[in-house]
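What follows is a single structure, written as structure tokens, with notes after it.
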Amino acid sequence: HDLLDVTNIEAGHLSIERREEDMVILLFRAIEMFQPIADERGIALAAEVPPHLPKVFLDAERILQVLSNLLGNSIKFVGGGGSVTLRAVKEHGAVHVSVADDGPGIPAEELPHVFDRFWHSRRPSSPRGSGLGLAIAKGIVDAHRGRIWIESVVGEGTTVHLTLPVREG
């Protein structure tokens with residue numbers, strides 16, 4: 001499924017079905033999906049989401065796929081006793097969502113490559129996945145005319161940010 005998504009993204013054929021959606025509901029759906037996994041691993045999963053955010057014209061299942069990838073990555077990398085926080089705010093005609101963790105962080109030289117297909121960290125202790133998740137997340141966010149980026153400091157943690165425009169532009 002991931003490889004098909006990447007192929008469709010690269011060909012410009014990613015299927016997006018947009019509707020006006022309540023971001024607060026969507027964000028809490030993502031948290032509910034990952035709370036049991038976080039609890040099982042001893043990770044503090046928190047949401048800092050205001051009670052009201054502007055509605056966004058988006059494909060809820062695709063954005064949930066992005067949020068699942070970001071939360072899943074943070075939980076995978078942070079380890080027991082760590083924390084993961086999902087935040088959202090209204091900002092300049094967009095909703096700005098971030099997923100922050102206090103995991104090992106990503107070395108600065110690897111940051112430019114994290115959205116590349118099949119990318120994996122070179123660190124031997126790093127868990128491995130398909131290397132497609134962030135490439136897909138970027139493709140989905142781009143298809144929504146949004147933006148996604150990562151800030152990270154080794155030994156302090158990683159924050160993935162994404163913005164989604166409130167109105168189709």
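Letters A, B, ... go to the chains of the structure tokens in the order shown; residues in each chain start at 1; ligands are counted from 1 in the same order.
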Fill in: Nearby residues (only C-alpha atoms) at most 7 Å from Arg145 (chain A), same-chain spacing under 3 positions excluded, as a count of residues only
4
Write out as a PDB file with N, CA and C atoms, in the first residue's frame which residues come within 12 Å of Gly146 (chain A) when counting only C-alpha atoms, dropping same-chain ones fewer than 2 positions away.
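Saved the output as result_29.pdb:
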```pdb
ATOM      1  N   VAL A  56     -11.079  22.833   8.000  1.00  0.00           N
ATOM      2  CA  VAL A  56     -10.120  22.764   6.902  1.00  0.00           C
ATOM      3  C   VAL A  56     -10.709  21.878   5.810  1.00  0.00           C
ATOM      4  N   PHE A  57     -10.521  22.288   4.562  1.00  0.00           N
ATOM      5  CA  PHE A  57     -11.000  21.532   3.411  1.00  0.00           C
ATOM      6  C   PHE A  57      -9.935  20.492   3.086  1.00  0.00           C
ATOM      7  N   LEU A  58     -10.177  19.226   3.466  1.00  0.00           N
ATOM      8  CA  LEU A  58      -9.141  18.202   3.332  1.00  0.00           C
ATOM      9  C   LEU A  58      -9.733  16.815   3.205  1.00  0.00           C
ATOM     10  N   ILE A  63      -5.145  12.763   5.772  1.00  0.00           N
ATOM     11  CA  ILE A  63      -4.477  13.526   6.835  1.00  0.00           C
ATOM     12  C   ILE A  63      -4.315  12.647   8.074  1.00  0.00           C
ATOM     13  N   GLY A  93      -3.951  32.031   8.542  1.00  0.00           N
ATOM     14  CA  GLY A  93      -4.772  31.388   7.524  1.00  0.00           C
ATOM     15  C   GLY A  93      -4.546  29.902   7.372  1.00  0.00           C
ATOM     16  N   ALA A  94      -3.919  29.291   8.358  1.00  0.00           N
ATOM     17  CA  ALA A  94      -3.646  27.854   8.313  1.00  0.00           C
ATOM     18  C   ALA A  94      -3.804  27.261   9.707  1.00  0.00           C
ATOM     19  N   VAL A  95      -3.918  25.949   9.752  1.00  0.00           N
ATOM     20  CA  VAL A  95      -3.814  25.233  11.017  1.00  0.00           C
ATOM     21  C   VAL A  95      -2.412  24.633  11.043  1.00  0.00           C
ATOM     22  N   HIS A  96      -1.672  24.934  12.113  1.00  0.00           N
ATOM     23  CA  HIS A  96      -0.297  24.458  12.280  1.00  0.00           C
ATOM     24  C   HIS A  96      -0.341  23.319  13.300  1.00  0.00           C
ATOM     25  N   VAL A  97       0.035  22.140  12.855  1.00  0.00           N
ATOM     26  CA  VAL A  97       0.053  20.947  13.704  1.00  0.00           C
ATOM     27  C   VAL A  97       1.511  20.546  13.902  1.00  0.00           C
ATOM     28  N   ALA A 137       3.870  11.089   3.654  1.00  0.00           N
ATOM     29  CA  ALA A 137       3.320  12.213   4.426  1.00  0.00           C
ATOM     30  C   ALA A 137       3.546  13.525   3.681  1.00  0.00           C
ATOM     31  N   LYS A 138       4.751  13.716   3.149  1.00  0.00           N
ATOM     32  CA  LYS A 138       5.053  14.947   2.409  1.00  0.00           C
ATOM     33  C   LYS A 138       4.183  15.054   1.162  1.00  0.00           C
ATOM     34  N   GLY A 139       4.020  13.965   0.442  1.00  0.00           N
ATOM     35  CA  GLY A 139       3.183  13.973  -0.761  1.00  0.00           C
ATOM     36  C   GLY A 139       1.743  14.340  -0.453  1.00  0.00           C
ATOM     37  N   ILE A 140       1.219  13.806   0.648  1.00  0.00           N
ATOM     38  CA  ILE A 140      -0.163  14.099   1.045  1.00  0.00           C
ATOM     39  C   ILE A 140      -0.301  15.562   1.454  1.00  0.00           C
ATOM     40  N   VAL A 141       0.624  16.048   2.266  1.00  0.00           N
ATOM     41  CA  VAL A 141       0.567  17.452   2.707  1.00  0.00           C
ATOM     42  C   VAL A 141       0.715  18.383   1.503  1.00  0.00           C
ATOM     43  N   ASP A 142       1.642  18.077   0.604  1.00  0.00           N
ATOM     44  CA  ASP A 142       1.813  18.889  -0.610  1.00  0.00           C
ATOM     45  C   ASP A 142       0.526  18.917  -1.439  1.00  0.00           C
ATOM     46  N   ALA A 143      -0.146  17.771  -1.548  1.00  0.00           N
ATOM     47  CA  ALA A 143      -1.395  17.697  -2.320  1.00  0.00           C
ATOM     48  C   ALA A 143      -2.501  18.551  -1.703  1.00  0.00           C
ATOM     49  N   HIS A 144      -2.372  18.857  -0.421  1.00  0.00           N
ATOM     50  CA  HIS A 144      -3.334  19.730   0.274  1.00  0.00           C
ATOM     51  C   HIS A 144      -2.861  21.190   0.275  1.00  0.00           C
ATOM     52  N   ILE A 148       5.294  20.751   5.182  1.00  0.00           N
ATOM     53  CA  ILE A 148       5.747  19.870   6.260  1.00  0.00           C
ATOM     54  C   ILE A 148       7.260  20.016   6.393  1.00  0.00           C
ATOM     55  N   TRP A 149       7.739  20.072   7.633  1.00  0.00           N
ATOM     56  CA  TRP A 149       9.179  20.188   7.869  1.00  0.00           C
ATOM     57  C   TRP A 149       9.518  19.608   9.236  1.00  0.00           C
ATOM     58  N   HIS A 161       6.533  19.448  11.917  1.00  0.00           N
ATOM     59  CA  HIS A 161       5.502  20.476  11.778  1.00  0.00           C
ATOM     60  C   HIS A 161       4.784  20.290  10.455  1.00  0.00           C
ATOM     61  N   LEU A 162       3.489  20.591  10.446  1.00  0.00           N
ATOM     62  CA  LEU A 162       2.793  20.687   9.178  1.00  0.00           C
ATOM     63  C   LEU A 162       1.758  21.791   9.266  1.00  0.00           C
ATOM     64  N   THR A 163       1.564  22.468   8.150  1.00  0.00           N
ATOM     65  CA  THR A 163       0.517  23.480   8.080  1.00  0.00           C
ATOM     66  C   THR A 163      -0.437  23.087   6.964  1.00  0.00           C
ATOM     67  N   LEU A 164      -1.717  23.315   7.221  1.00  0.00           N
ATOM     68  CA  LEU A 164      -2.756  23.071   6.227  1.00  0.00           C
ATOM     69  C   LEU A 164      -3.560  24.351   6.081  1.00  0.00           C
ATOM     70  N   PRO A 165      -3.711  24.857   4.852  1.00  0.00           N
ATOM     71  CA  PRO A 165      -4.450  26.104   4.672  1.00  0.00           C
ATOM     72  C   PRO A 165      -5.914  25.941   5.071  1.00  0.00           C
ATOM     73  N   VAL A 166      -6.448  26.985   5.707  1.00  0.00           N
ATOM     74  CA  VAL A 166      -7.835  26.948   6.167  1.00  0.00           C
ATOM     75  C   VAL A 166      -8.783  26.972   4.978  1.00  0.00           C
ATOM     76  N   ARG A 167      -8.479  27.759   3.965  1.00  0.00           N
ATOM     77  CA  ARG A 167      -9.315  27.804   2.765  1.00  0.00           C
ATOM     78  C   ARG A 167      -8.484  27.361   1.580  1.00  0.00           C
ATOM     79  N   GLU A 168      -9.145  26.701   0.645  1.00  0.00           N
ATOM     80  CA  GLU A 168      -8.445  26.278  -0.560  1.00  0.00           C
ATOM     81  C   GLU A 168      -7.957  27.513  -1.293  1.00  0.00           C
ATOM     82  N   GLY A 169      -6.676  27.531  -1.644  1.00  0.00           N
ATOM     83  CA  GLY A 169      -6.105  28.720  -2.258  1.00  0.00           C
ATOM     84  C   GLY A 169      -5.640  28.518  -3.658  1.00  0.00           C
TER      85      GLY A 169
END
```
Worksheet item: Any idea what's packed within 10 Å of region 43-52 of chain A, counting only C-alpha atoms, ignoring anything in its chain fewer than 2 positions away? Could you give it as a PyMOL selection string?
Response: chain A and resi 22-25+27-28+31-32+34-41+54-55+71+74-75+78-90+97-101
Practice prompt. Please run DSSP on the backbone and report, as a PyMOL selection string, all residues within chain A that come out as helix (DSSP H, G or I).
Written response: chain A and resi 2-11+23-40+60-78+111-113+133-143
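With CA of Asp102 (chain A) on one side and CA of Gly42 (chain A) on the other, the separation reads 13.4 Å.
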Discussion item. I want to know what sits within 8 Å of Gly157 (chain A), based on only C-alpha atoms, with residues of the same chain fewer than 3 positions away left out; could you give that as a PyMOL selection string?
Written reply: chain A and resi 100-106+152-154
Fill in: Best match for closeness to Phe115 (chain A) among A:Leu64, A:Ile150, A:Ala135, A:Ala30, counting only C-alpha atoms
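For Phe115 (chain A), the nearest of the candidates is A:Ala135.
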